[in-house]
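Novice: Data: query-v3.csv, CSV, C-alpha atoms.
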```csv
chain,number,residue,atom,x,y,z
T,1,MET,CA,25.3,-58.0,45.6
T,2,ALA,CA,24.8,-61.5,44.5
T,3,TYR,CA,21.0,-61.4,44.6
T,4,SER,CA,19.3,-61.3,41.2
T,5,PRO,CA,16.6,-58.6,40.8
T,6,LEU,CA,13.7,-61.0,41.2
T,7,LEU,CA,15.3,-62.6,44.2
T,8,GLN,CA,15.8,-59.2,45.7
T,9,GLN,CA,12.1,-58.4,45.1
T,10,LEU,CA,11.1,-61.6,46.8
T,11,LEU,CA,13.3,-60.9,49.8
T,12,GLN,CA,11.8,-57.5,50.1
T,13,ALA,CA,8.3,-58.7,49.8
T,14,LEU,CA,8.8,-61.5,52.4
T,15,GLN,CA,9.8,-58.8,54.9
T,16,CYS,CA,6.3,-57.4,55.0
T,17,LEU,CA,5.4,-60.5,57.2
T,18,PRO,CA,5.5,-59.7,60.9
T,19,GLY,CA,8.7,-61.0,62.6
T,20,VAL,CA,10.5,-61.6,59.3
T,21,GLY,CA,13.8,-59.7,58.8
T,22,SER,CA,16.4,-60.0,56.1
T,23,ARG,CA,17.9,-63.2,57.4
T,24,THR,CA,14.7,-65.1,57.8
T,25,ALA,CA,13.5,-63.7,54.4
T,26,GLN,CA,16.6,-65.2,52.8
T,27,ARG,CA,16.1,-68.5,54.4
T,28,MET,CA,12.4,-68.6,53.3
T,29,ALA,CA,13.2,-67.5,49.8
T,30,PHE,CA,15.9,-70.1,49.3
T,31,TYR,CA,13.8,-72.8,50.9
T,32,LEU,CA,10.9,-72.1,48.6
T,33,LEU,CA,12.9,-71.9,45.5
T,34,GLN,CA,15.0,-74.9,46.2
T,35,ARG,CA,12.6,-77.3,47.9
T,36,ASP,CA,9.0,-76.2,47.7
T,37,ARG,CA,8.0,-74.3,44.6
T,38,GLU,CA,4.6,-75.9,44.7
T,39,GLY,CA,4.1,-74.5,48.2
T,40,ALA,CA,5.2,-71.1,47.0
T,41,ARG,CA,2.7,-71.2,44.2
T,42,GLU,CA,-0.1,-72.1,46.6
T,43,LEU,CA,0.9,-69.3,48.9
T,44,SER,CA,0.9,-66.8,46.1
T,45,VAL,CA,-2.6,-67.9,45.1
T,46,ALA,CA,-3.9,-68.0,48.7
T,47,LEU,CA,-2.6,-64.5,49.3
T,48,GLN,CA,-4.2,-63.2,46.1
T,49,GLU,CA,-7.6,-64.8,46.9
T,50,ALA,CA,-7.5,-63.7,50.5
T,51,ILE,CA,-6.9,-60.0,49.8
T,52,GLU,CA,-9.3,-60.1,46.9
T,53,HIS,CA,-12.3,-61.7,48.7
T,54,ILE,CA,-11.9,-61.5,52.5
T,55,GLY,CA,-13.6,-58.5,53.9
T,56,GLU,CA,-15.5,-57.9,57.1
T,57,CYS,CA,-18.7,-59.5,58.2
T,58,GLU,CA,-21.5,-56.9,57.9
T,59,ARG,CA,-22.8,-57.9,61.3
T,60,CYS,CA,-19.8,-58.5,63.6
T,61,ARG,CA,-16.9,-57.2,61.5
T,62,MET,CA,-15.1,-60.6,61.8
T,63,LEU,CA,-12.9,-61.3,58.7
T,64,SER,CA,-15.1,-63.1,56.2
T,65,GLU,CA,-15.4,-63.7,52.5
T,66,GLU,CA,-19.2,-63.8,52.8
T,67,PRO,CA,-21.4,-60.8,53.6
T,68,LEU,CA,-22.2,-62.6,56.9
T,69,CYS,CA,-19.5,-64.7,58.7
T,70,ARG,CA,-19.9,-68.4,59.7
T,71,LEU,CA,-20.6,-67.5,63.3
T,72,CYS,CA,-23.3,-64.9,62.5
T,73,THR,CA,-25.1,-67.3,60.2
T,74,ALA,CA,-24.7,-70.4,62.5
T,75,SER,CA,-28.0,-71.6,63.8
T,76,ASN,CA,-26.7,-72.9,67.2
T,77,ARG,CA,-25.4,-69.6,68.7
T,78,ASP,CA,-27.1,-67.6,71.4
T,79,VAL,CA,-28.0,-64.3,69.7
T,80,ALA,CA,-28.8,-62.7,73.0
T,81,MET,CA,-25.1,-62.4,74.0
T,82,ILE,CA,-22.5,-60.4,72.2
T,83,CYS,CA,-18.8,-60.5,73.2
T,84,VAL,CA,-16.9,-57.4,72.1
T,85,VAL,CA,-13.3,-57.9,71.2
T,86,GLU,CA,-10.5,-55.9,69.7
T,87,SER,CA,-9.3,-58.2,67.0
T,88,PRO,CA,-10.2,-61.3,64.9
T,89,ALA,CA,-7.5,-63.2,66.8
T,90,ASP,CA,-9.4,-62.6,70.0
T,91,VAL,CA,-12.5,-64.3,68.4
T,92,ILE,CA,-10.4,-67.3,67.5
T,93,ALA,CA,-8.9,-67.5,71.0
T,94,ILE,CA,-12.4,-67.5,72.6
T,95,GLU,CA,-13.8,-69.9,70.1
T,96,GLU,CA,-10.9,-72.3,70.7
T,97,SER,CA,-11.7,-72.2,74.4
T,98,GLY,CA,-15.2,-73.4,73.5
T,99,VAL,CA,-16.8,-71.6,76.5
T,100,PHE,CA,-18.8,-69.0,74.7
T,101,ARG,CA,-21.8,-69.7,72.6
T,102,GLY,CA,-23.0,-66.2,71.8
T,103,LEU,CA,-22.0,-63.9,68.9
T,104,TYR,CA,-19.2,-61.3,68.6
T,105,PHE,CA,-18.4,-57.8,67.7
T,106,VAL,CA,-14.9,-57.0,66.5
T,107,LEU,CA,-13.7,-53.5,67.0
T,108,HIS,CA,-10.4,-53.8,64.9
T,109,GLY,CA,-8.7,-51.6,67.5
T,110,ARG,CA,-9.5,-49.5,70.5
T,111,LEU,CA,-10.4,-45.9,71.2
T,112,SER,CA,-7.3,-43.8,70.9
T,113,PRO,CA,-8.2,-40.2,70.1
T,114,LEU,CA,-4.5,-39.2,69.8
T,115,ASP,CA,-4.2,-41.7,66.9
T,116,GLY,CA,-7.4,-40.5,65.4
T,117,ILE,CA,-9.3,-43.7,66.3
T,118,GLY,CA,-12.8,-42.7,67.5
T,119,PRO,CA,-16.1,-44.5,67.7
T,120,GLY,CA,-16.5,-44.3,63.9
T,121,GLU,CA,-13.3,-46.2,63.2
T,122,LEU,CA,-14.4,-49.0,65.5
T,123,GLY,CA,-17.8,-49.3,63.7
T,124,LEU,CA,-19.7,-48.4,66.8
T,125,GLU,CA,-22.7,-47.1,64.9
T,126,ARG,CA,-23.2,-50.6,63.7
T,127,PHE,CA,-22.8,-51.9,67.2
T,128,GLU,CA,-25.5,-49.5,68.5
T,129,ALA,CA,-27.8,-50.4,65.7
T,130,ARG,CA,-27.4,-54.1,66.6
T,131,LEU,CA,-28.3,-53.4,70.3
T,132,SER,CA,-31.3,-51.3,69.3
T,133,GLU,CA,-32.7,-54.3,67.4
T,134,GLY,CA,-33.7,-55.6,70.8
T,135,GLU,CA,-32.4,-59.2,70.4
T,136,VAL,CA,-29.3,-58.7,72.6
T,137,SER,CA,-29.7,-59.0,76.3
T,138,GLU,CA,-26.1,-59.0,77.5
T,139,VAL,CA,-22.8,-57.5,76.2
T,140,ILE,CA,-19.6,-59.0,77.5
T,141,LEU,CA,-16.6,-56.6,77.1
T,142,ALA,CA,-13.4,-58.4,76.3
T,143,THR,CA,-11.2,-55.5,75.3
T,144,SER,CA,-7.7,-55.6,76.6
T,145,SER,CA,-6.7,-54.4,80.0
T,146,THR,CA,-4.6,-51.6,78.6
T,147,VAL,CA,-5.5,-48.0,79.4
T,148,GLU,CA,-7.1,-47.6,76.0
T,149,GLY,CA,-8.8,-51.0,76.2
T,150,GLU,CA,-10.4,-50.0,79.6
T,151,ALA,CA,-11.4,-46.6,78.2
T,152,THR,CA,-13.0,-48.4,75.2
T,153,ALA,CA,-14.8,-50.8,77.6
T,154,GLY,CA,-16.1,-47.8,79.6
T,155,TYR,CA,-17.4,-46.1,76.4
T,156,LEU,CA,-19.1,-49.4,75.3
T,157,ALA,CA,-20.7,-49.9,78.7
T,158,THR,CA,-22.3,-46.4,78.5
T,159,LEU,CA,-23.7,-47.2,75.0
T,160,ALA,CA,-25.1,-50.5,76.2
T,161,LYS,CA,-26.7,-49.0,79.3
T,162,GLU,CA,-28.4,-46.4,77.2
T,163,GLN,CA,-30.1,-49.2,75.3
T,164,ASN,CA,-31.0,-51.0,78.6
T,165,VAL,CA,-28.7,-53.9,77.8
T,166,ALA,CA,-26.8,-55.7,80.6
T,167,VAL,CA,-23.1,-55.2,80.5
T,168,SER,CA,-20.2,-57.2,82.0
T,169,ARG,CA,-16.5,-57.2,81.8
T,170,ILE,CA,-14.3,-60.3,81.5
T,171,ALA,CA,-12.5,-61.0,84.8
T,172,HIS,CA,-8.8,-60.1,85.0
T,173,GLY,CA,-6.6,-61.9,87.5
T,174,VAL,CA,-4.1,-64.6,88.2
T,175,PRO,CA,-4.1,-67.1,85.3
T,176,ILE,CA,-5.2,-70.7,86.3
T,177,GLY,CA,-2.0,-72.7,87.0
T,178,GLY,CA,0.0,-69.4,87.3
T,179,GLU,CA,2.2,-69.1,90.3
T,180,LEU,CA,1.9,-65.9,92.3
T,181,GLU,CA,5.6,-65.6,92.3
T,182,TYR,CA,5.7,-65.1,88.5
T,183,VAL,CA,2.6,-62.9,88.1
T,184,ASP,CA,3.3,-59.3,87.3
T,185,ARG,CA,2.4,-56.6,89.8
T,186,SER,CA,-0.6,-55.1,88.0
T,187,THR,CA,-2.2,-58.4,87.4
T,188,LEU,CA,-1.7,-59.2,91.1
T,189,SER,CA,-3.2,-55.9,92.2
T,190,ARG,CA,-6.1,-56.5,89.9
T,191,ALA,CA,-6.6,-60.0,91.3
T,192,ILE,CA,-6.7,-58.7,94.9
T,193,ALA,CA,-8.9,-55.7,94.1
T,194,GLY,CA,-11.3,-58.0,92.3
T,195,ARG,CA,-11.4,-60.7,94.9
T,196,LEU,CA,-14.7,-62.5,95.3
T,197,GLY,CA,-16.4,-63.3,98.6
T,198,ILE,CA,-16.8,-67.0,99.5
T,199,ALA,CA,-20.1,-68.0,101.0
T,200,SER,CA,-19.8,-69.7,104.4
T,201,ASP,CA,-21.4,-73.2,104.7
B,1,MET,CA,-13.9,-73.5,63.7
B,2,ALA,CA,-14.3,-69.8,63.2
B,3,TYR,CA,-11.9,-69.6,60.2
B,4,SER,CA,-13.6,-69.0,56.8
B,5,PRO,CA,-12.5,-71.3,54.0
B,6,LEU,CA,-10.2,-68.7,52.3
B,7,LEU,CA,-8.6,-67.8,55.6
B,8,GLN,CA,-8.1,-71.5,56.3
B,9,GLN,CA,-6.4,-71.9,52.9
B,10,LEU,CA,-4.2,-68.9,53.6
B,11,LEU,CA,-3.2,-70.3,57.1
B,12,GLN,CA,-2.3,-73.6,55.5
B,13,ALA,CA,-0.3,-72.0,52.7
B,14,LEU,CA,1.7,-69.8,55.1
B,15,GLN,CA,2.8,-72.9,56.9
B,16,CYS,CA,4.9,-74.0,53.9
B,17,LEU,CA,7.3,-71.3,55.0
B,18,PRO,CA,10.2,-72.7,57.1
B,19,GLY,CA,9.8,-72.0,60.8
B,20,VAL,CA,6.1,-71.0,60.5
B,21,GLY,CA,3.6,-73.1,62.5
B,22,SER,CA,-0.1,-72.5,63.0
B,23,ARG,CA,0.2,-69.7,65.6
B,24,THR,CA,2.7,-67.7,63.5
B,25,ALA,CA,0.6,-68.3,60.4
B,26,GLN,CA,-2.4,-66.9,62.1
B,27,ARG,CA,-0.5,-63.8,63.3
B,28,MET,CA,0.8,-63.3,59.7
B,29,ALA,CA,-2.6,-63.8,58.1
B,30,PHE,CA,-4.4,-61.4,60.4
B,31,TYR,CA,-1.6,-58.8,60.2
B,32,LEU,CA,-1.7,-58.9,56.4
B,33,LEU,CA,-5.5,-58.8,56.1
B,34,GLN,CA,-5.9,-56.0,58.7
B,35,ARG,CA,-2.9,-53.8,58.2
B,36,ASP,CA,-0.9,-54.6,55.0
B,37,ARG,CA,-3.0,-55.8,52.1
B,38,GLU,CA,-0.7,-54.0,49.7
B,39,GLY,CA,2.3,-55.9,51.1
B,40,ALA,CA,0.3,-59.2,50.8
B,41,ARG,CA,-0.4,-58.3,47.1
B,42,GLU,CA,3.3,-57.6,46.5
B,43,LEU,CA,4.3,-60.8,48.2
B,44,SER,CA,1.8,-62.8,46.0
B,45,VAL,CA,3.3,-61.2,42.9
B,46,ALA,CA,6.9,-61.7,44.0
B,47,LEU,CA,6.3,-65.3,44.7
B,48,GLN,CA,4.6,-65.9,41.4
B,49,GLU,CA,7.4,-64.2,39.4
B,50,ALA,CA,10.1,-65.9,41.4
B,51,ILE,CA,8.9,-69.4,40.9
B,52,GLU,CA,8.1,-68.7,37.2
B,53,HIS,CA,11.4,-67.1,36.3
B,54,ILE,CA,14.1,-68.0,38.7
B,55,GLY,CA,16.1,-71.1,37.7
B,56,GLU,CA,19.7,-72.0,37.9
B,57,CYS,CA,22.7,-70.3,36.3
B,58,GLU,CA,23.9,-72.6,33.5
B,59,ARG,CA,27.5,-72.2,34.6
B,60,CYS,CA,27.5,-72.2,38.4
B,61,ARG,CA,24.0,-73.4,39.3
B,62,MET,CA,23.4,-70.2,41.5
B,63,LEU,CA,19.7,-69.2,41.6
B,64,SER,CA,19.2,-66.8,38.7
B,65,GLU,CA,16.5,-65.6,36.3
B,66,GLU,CA,19.0,-65.2,33.5
B,67,PRO,CA,20.7,-68.1,31.8
B,68,LEU,CA,24.0,-66.8,33.3
B,69,CYS,CA,24.0,-65.3,36.8
B,70,ARG,CA,25.3,-61.8,37.7
B,71,LEU,CA,28.5,-63.3,39.1
B,72,CYS,CA,29.3,-65.4,36.1
B,73,THR,CA,28.7,-62.5,33.8
B,74,ALA,CA,30.6,-59.9,35.9
B,75,SER,CA,33.8,-58.6,34.3
B,76,ASN,CA,35.7,-58.1,37.5
B,77,ARG,CA,35.9,-61.6,38.8
B,78,ASP,CA,38.8,-64.0,38.8
B,79,VAL,CA,37.8,-66.8,36.4
B,80,ALA,CA,40.8,-68.9,37.5
B,81,MET,CA,39.3,-69.7,40.9
B,82,ILE,CA,36.2,-71.6,41.7
B,83,CYS,CA,34.7,-72.0,45.1
B,84,VAL,CA,32.4,-75.0,45.5
B,85,VAL,CA,29.6,-74.6,48.0
B,86,GLU,CA,26.6,-76.6,49.0
B,87,SER,CA,23.9,-73.9,48.7
B,88,PRO,CA,23.0,-70.5,47.3
B,89,ALA,CA,23.0,-69.2,50.8
B,90,ASP,CA,26.7,-70.1,51.1
B,91,VAL,CA,27.4,-68.0,48.0
B,92,ILE,CA,25.6,-65.0,49.6
B,93,ALA,CA,27.6,-65.5,52.9
B,94,ILE,CA,31.0,-65.6,51.1
B,95,GLU,CA,30.0,-62.6,48.9
B,96,GLU,CA,29.0,-60.6,52.0
B,97,SER,CA,32.4,-61.3,53.5
B,98,GLY,CA,33.9,-59.7,50.4
B,99,VAL,CA,37.1,-61.8,50.6
B,100,PHE,CA,36.7,-63.9,47.5
B,101,ARG,CA,36.8,-62.5,44.0
B,102,GLY,CA,36.6,-65.8,42.0
B,103,LEU,CA,33.5,-67.6,40.7
B,104,TYR,CA,31.4,-70.3,42.3
B,105,PHE,CA,29.9,-73.7,41.8
B,106,VAL,CA,26.7,-74.5,43.7
B,107,LEU,CA,26.1,-78.2,44.4
B,108,HIS,CA,22.5,-77.8,45.8
B,109,GLY,CA,23.3,-80.6,48.3
B,110,ARG,CA,26.1,-83.0,49.1
B,111,LEU,CA,26.8,-86.6,48.1
B,112,SER,CA,24.5,-88.9,50.0
B,113,PRO,CA,24.2,-92.3,48.3
B,114,LEU,CA,21.6,-93.5,50.8
B,115,ASP,CA,19.3,-90.6,49.8
B,116,GLY,CA,20.0,-91.2,46.2
B,117,ILE,CA,22.1,-88.1,45.8
B,118,GLY,CA,25.1,-88.9,43.6
B,119,PRO,CA,27.4,-86.9,41.3
B,120,GLY,CA,24.6,-86.5,38.7
B,121,GLU,CA,22.2,-84.7,41.2
B,122,LEU,CA,25.0,-82.3,42.2
B,123,GLY,CA,25.6,-81.4,38.5
B,124,LEU,CA,29.2,-82.6,38.6
B,125,GLU,CA,29.4,-83.4,34.9
B,126,ARG,CA,29.0,-79.6,34.4
B,127,PHE,CA,31.7,-79.0,37.0
B,128,GLU,CA,34.1,-81.4,35.2
B,129,ALA,CA,33.3,-79.8,31.9
B,130,ARG,CA,34.2,-76.4,33.3
B,131,LEU,CA,37.5,-77.6,34.7
B,132,SER,CA,38.4,-79.2,31.4
B,133,GLU,CA,38.0,-75.8,29.6
B,134,GLY,CA,41.4,-75.1,31.1
B,135,GLU,CA,40.6,-71.6,32.5
B,136,VAL,CA,40.4,-72.7,36.1
B,137,SER,CA,43.6,-73.1,38.1
B,138,GLU,CA,42.3,-73.5,41.6
B,139,VAL,CA,39.3,-75.1,43.2
B,140,ILE,CA,38.4,-74.1,46.8
B,141,LEU,CA,36.2,-76.7,48.5
B,142,ALA,CA,33.8,-75.0,50.9
B,143,THR,CA,31.4,-77.8,51.5
B,144,SER,CA,30.3,-78.3,55.1
B,145,SER,CA,32.3,-80.2,57.7
B,146,THR,CA,29.7,-82.9,58.1
B,147,VAL,CA,30.6,-86.4,57.2
B,148,GLU,CA,28.8,-86.1,53.9
B,149,GLY,CA,30.3,-82.6,53.2
B,150,GLU,CA,33.8,-84.1,53.8
B,151,ALA,CA,33.0,-87.1,51.5
B,152,THR,CA,31.8,-84.6,48.8
B,153,ALA,CA,35.0,-82.6,49.2
B,154,GLY,CA,37.1,-85.7,48.8
B,155,TYR,CA,35.2,-86.7,45.7
B,156,LEU,CA,35.6,-83.2,44.2
B,157,ALA,CA,39.3,-83.2,45.1
B,158,THR,CA,39.8,-86.3,43.0
B,159,LEU,CA,38.0,-84.9,40.1
B,160,ALA,CA,40.1,-81.7,40.2
B,161,LYS,CA,43.4,-83.6,40.5
B,162,GLU,CA,42.4,-85.7,37.4
B,163,GLN,CA,42.2,-82.4,35.5
B,164,ASN,CA,45.5,-81.1,37.0
B,165,VAL,CA,43.8,-78.3,38.8
B,166,ALA,CA,45.0,-77.3,42.3
B,167,VAL,CA,42.6,-78.0,45.1
B,168,SER,CA,42.3,-76.5,48.6
B,169,ARG,CA,39.8,-76.8,51.5
B,170,ILE,CA,38.6,-73.9,53.5
B,171,ALA,CA,40.1,-73.9,57.0
B,172,HIS,CA,38.0,-75.2,59.9
B,173,GLY,CA,38.8,-74.1,63.5
B,174,VAL,CA,38.0,-71.8,66.3
B,175,PRO,CA,36.0,-68.8,65.0
B,176,ILE,CA,37.7,-65.4,65.4
B,177,GLY,CA,36.5,-63.8,68.6
B,178,GLY,CA,35.2,-67.2,69.8
B,179,GLU,CA,36.2,-68.2,73.3
B,180,LEU,CA,37.8,-71.7,73.6
B,181,GLU,CA,35.6,-72.3,76.6
B,182,TYR,CA,32.4,-72.2,74.4
B,183,VAL,CA,33.8,-74.0,71.3
B,184,ASP,CA,32.4,-77.5,70.8
B,185,ARG,CA,34.7,-80.5,71.0
B,186,SER,CA,34.9,-81.4,67.3
B,187,THR,CA,35.8,-77.9,66.3
B,188,LEU,CA,38.5,-77.8,68.9
B,189,SER,CA,40.0,-81.1,67.9
B,190,ARG,CA,40.0,-79.9,64.3
B,191,ALA,CA,41.6,-76.6,65.3
B,192,ILE,CA,44.4,-78.4,67.1
B,193,ALA,CA,44.9,-81.1,64.4
B,194,GLY,CA,45.1,-78.3,61.8
B,195,ARG,CA,47.5,-76.1,63.7
B,196,LEU,CA,49.9,-74.0,61.7
B,197,GLY,CA,53.6,-73.7,62.4
B,198,ILE,CA,54.8,-70.2,63.3
B,199,ALA,CA,58.1,-69.2,61.6
B,200,SER,CA,60.7,-68.0,64.1
B,201,ASP,CA,62.2,-64.5,63.5
```
Output the file's structure as structure tokens, nothing else.
Specialist:
Amino acid sequence: MAYSPLLQQLLQALQCLPGVGSRTAQRMAFYLLQRDREGARELSVALQEAIEHIGECERCRMLSEEPLCRLCTASNRDVAMICVVESPADVIAIEESGVFRGLYFVLHGRLSPLDGIGPGELGLERFEARLSEGEVSEVILATSSTVEGEATAGYLATLAKEQNVAVSRIAHGVPIGGELEYVDRSTLSRAIAGRLGIASD
Amino acid sequence: MAYSPLLQQLLQALQCLPGVGSRTAQRMAFYLLQRDREGARELSVALQEAIEHIGECERCRMLSEEPLCRLCTASNRDVAMICVVESPADVIAIEESGVFRGLYFVLHGRLSPLDGIGPGELGLERFEARLSEGEVSEVILATSSTVEGEATAGYLATLAKEQNVAVSRIAHGVPIGGELEYVDRSTLSRAIAGRLGIASD
């Protein structure tokens, strides 16, 4: 093979990135070596610093290099509401929508007993502790609509009710602008089952 | 924005990779931080070592961490033939086909006076020096079939002829297994113009 050992090592390492196979890795490696060595150096440093310093926020488990993340320390958030999500990417998506001003709790997964993922792995003792502090008045469950996501939501709802905290689940249904024709069957069935009454004038 | 500074830095750095925009960078960053920190560490090291040590082979300009690359130092190659290509990726493609046992010369580009890319940028003094050593008896031009690739091939052909070295150009035409119906017009016109006579029995 014409690859030198260091090139081979780089190709292998690039394939740890999701969605990157051997072809893409080759394209990336040649691009960096031929045209953007400065970018490669910056990426190397950024990766090193990220894995060294980024951990989880002690309060909400969002990725953060500080003990408390920027959202948990922000002064303009509504501490009475907590939105529970499965991943940091979900936090970003909700933040980008700009419709929620409360705080978060990131599970980093969902209950899945067969895979050995129980309440401990999802940090739920920390979640319970936070509810018991008495500041939180509503928990919004934004776990996925998969079987495991629903089971996780059910479990969390029980926890919240035990602490006398109101619980809600984000609505599932037809996306705005989505055409019925192209919406999958389970979304459609959920949209019809969850229909809302319209008040008469 | 909910990204912490280090996360922001990582997202930015990942976008130096070709084909990676902000969405993909986010997916990659979260994946590495949540599931594969070891892979991220290895990638950081591999990038660092690659940019520090990988340069160009003194003889053929292939990417290599040694002064001479593995092909130029291999004992089983035909030193009388040199295939000239535009990029290291072309060398890999030809090597993978396994049909060529000679050596290479990598231009790292093609002549493009408007972009300031002349013979010097393509290392052609080194190419000429190699031809004048007298070992090479044939040069195969495998530059691209773009206007600039053709111009480069023409220039190289002149150089080789001056040194009394035989020159050939790789064939362009309909790919094997390709259906005429789906072949673009310029390939087709090249395939017809370059038709080969068939000897009668």
Novice: Residues near Ser145 of chain T, anyone? I mean within 12 Å using all atoms listed in the file, not counting same-chain ones fewer than 3 positions away, as a PyMOL selection string.
Specialist: chain T and resi 85-86+110+141-142+148-154+169-173+186-187+190
Novice: Could you check how far atom CA of Leu114 of chain B sits from atom CA of Thr158 of chain B, in Å to one decimal?
Specialist: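 If I compute the distance from atom CA of Leu114 of chain B to atom CA of Thr158 of chain B, I get 21.1 Å.
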Novice: Name all residues at most 9 Å from segment 129-140 of chain B (count all atoms listed in the file; drop same-chain ones fewer than 2 positions away) and give them as a CSV table (one decimal) with C-alpha atoms, in the coordinates of the input.
Specialist:
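What follows is the written file around.csv:
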```
chain,number,residue,atom,x,y,z
B,59,ARG,CA,27.5,-72.2,34.6
B,79,VAL,CA,37.8,-66.8,36.4
B,80,ALA,CA,40.8,-68.9,37.5
B,81,MET,CA,39.3,-69.7,40.9
B,82,ILE,CA,36.2,-71.6,41.7
B,83,CYS,CA,34.7,-72.0,45.1
B,84,VAL,CA,32.4,-75.0,45.5
B,85,VAL,CA,29.6,-74.6,48.0
B,124,LEU,CA,29.2,-82.6,38.6
B,125,GLU,CA,29.4,-83.4,34.9
B,126,ARG,CA,29.0,-79.6,34.4
B,127,PHE,CA,31.7,-79.0,37.0
B,142,ALA,CA,33.8,-75.0,50.9
B,156,LEU,CA,35.6,-83.2,44.2
B,157,ALA,CA,39.3,-83.2,45.1
B,160,ALA,CA,40.1,-81.7,40.2
B,163,GLN,CA,42.2,-82.4,35.5
B,164,ASN,CA,45.5,-81.1,37.0
B,165,VAL,CA,43.8,-78.3,38.8
B,166,ALA,CA,45.0,-77.3,42.3
B,167,VAL,CA,42.6,-78.0,45.1
B,168,SER,CA,42.3,-76.5,48.6
B,169,ARG,CA,39.8,-76.8,51.5
B,170,ILE,CA,38.6,-73.9,53.5
```
Novice: Provide as number ranges by chain the residues of chain T at most 7 Å from chain B, counting only C-alpha atoms.
Specialist: T: 2, 4, 6-7, 9-10, 13-14, 16-18, 28, 33, 37, 39-48, 50-51, 64, 70-71, 92, 95
Novice: Give me, please, the distance in Å between atom CA of Arg77 of chain B and atom CA of Arg101 of chain B, quoted to one decimal.
Specialist: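 So the two atoms, atom CA of Arg77 of chain B and atom CA of Arg101 of chain B, lie 5.4 Å apart.
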Novice: Could you work out how far atom CA of Asp78 of chain T lies from atom CA of Leu107 of chain T, giving the answer in Å with one decimal?
Specialist: 19.9 Å
Novice: Point out the residue among T:Ala74, T:Cys60, T:Leu111, T:Ala199 with the least atom-to-atom distance to Val147 of chain T, counting all atoms listed in the file.
Specialist: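 With all atoms listed in the file as the atom set, the closest residue is T:Leu111.
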Novice: Padding 6 Å on each side, edges along x, y and z: where is the centre of the box around the listed atoms of segment 34-45 of chain B, and how long are its edges in Å to one decimal? Output it as lines of an AutoDock Vina configuration file.
Specialist:
```
center_x = -0.8
center_y = -58.3
center_z = 50.8
size_x = 22.2
size_y = 21.0
size_z = 27.8
```
Novice: Out of B:Leu68, B:Arg61, B:Asp90, B:Arg185, which residue has the shortest atom-to-atom distance to Thr143 of chain B when counting only C-alpha atoms?
Specialist: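 Selected residue with least distance to Thr143 of chain B: B:Asp90.
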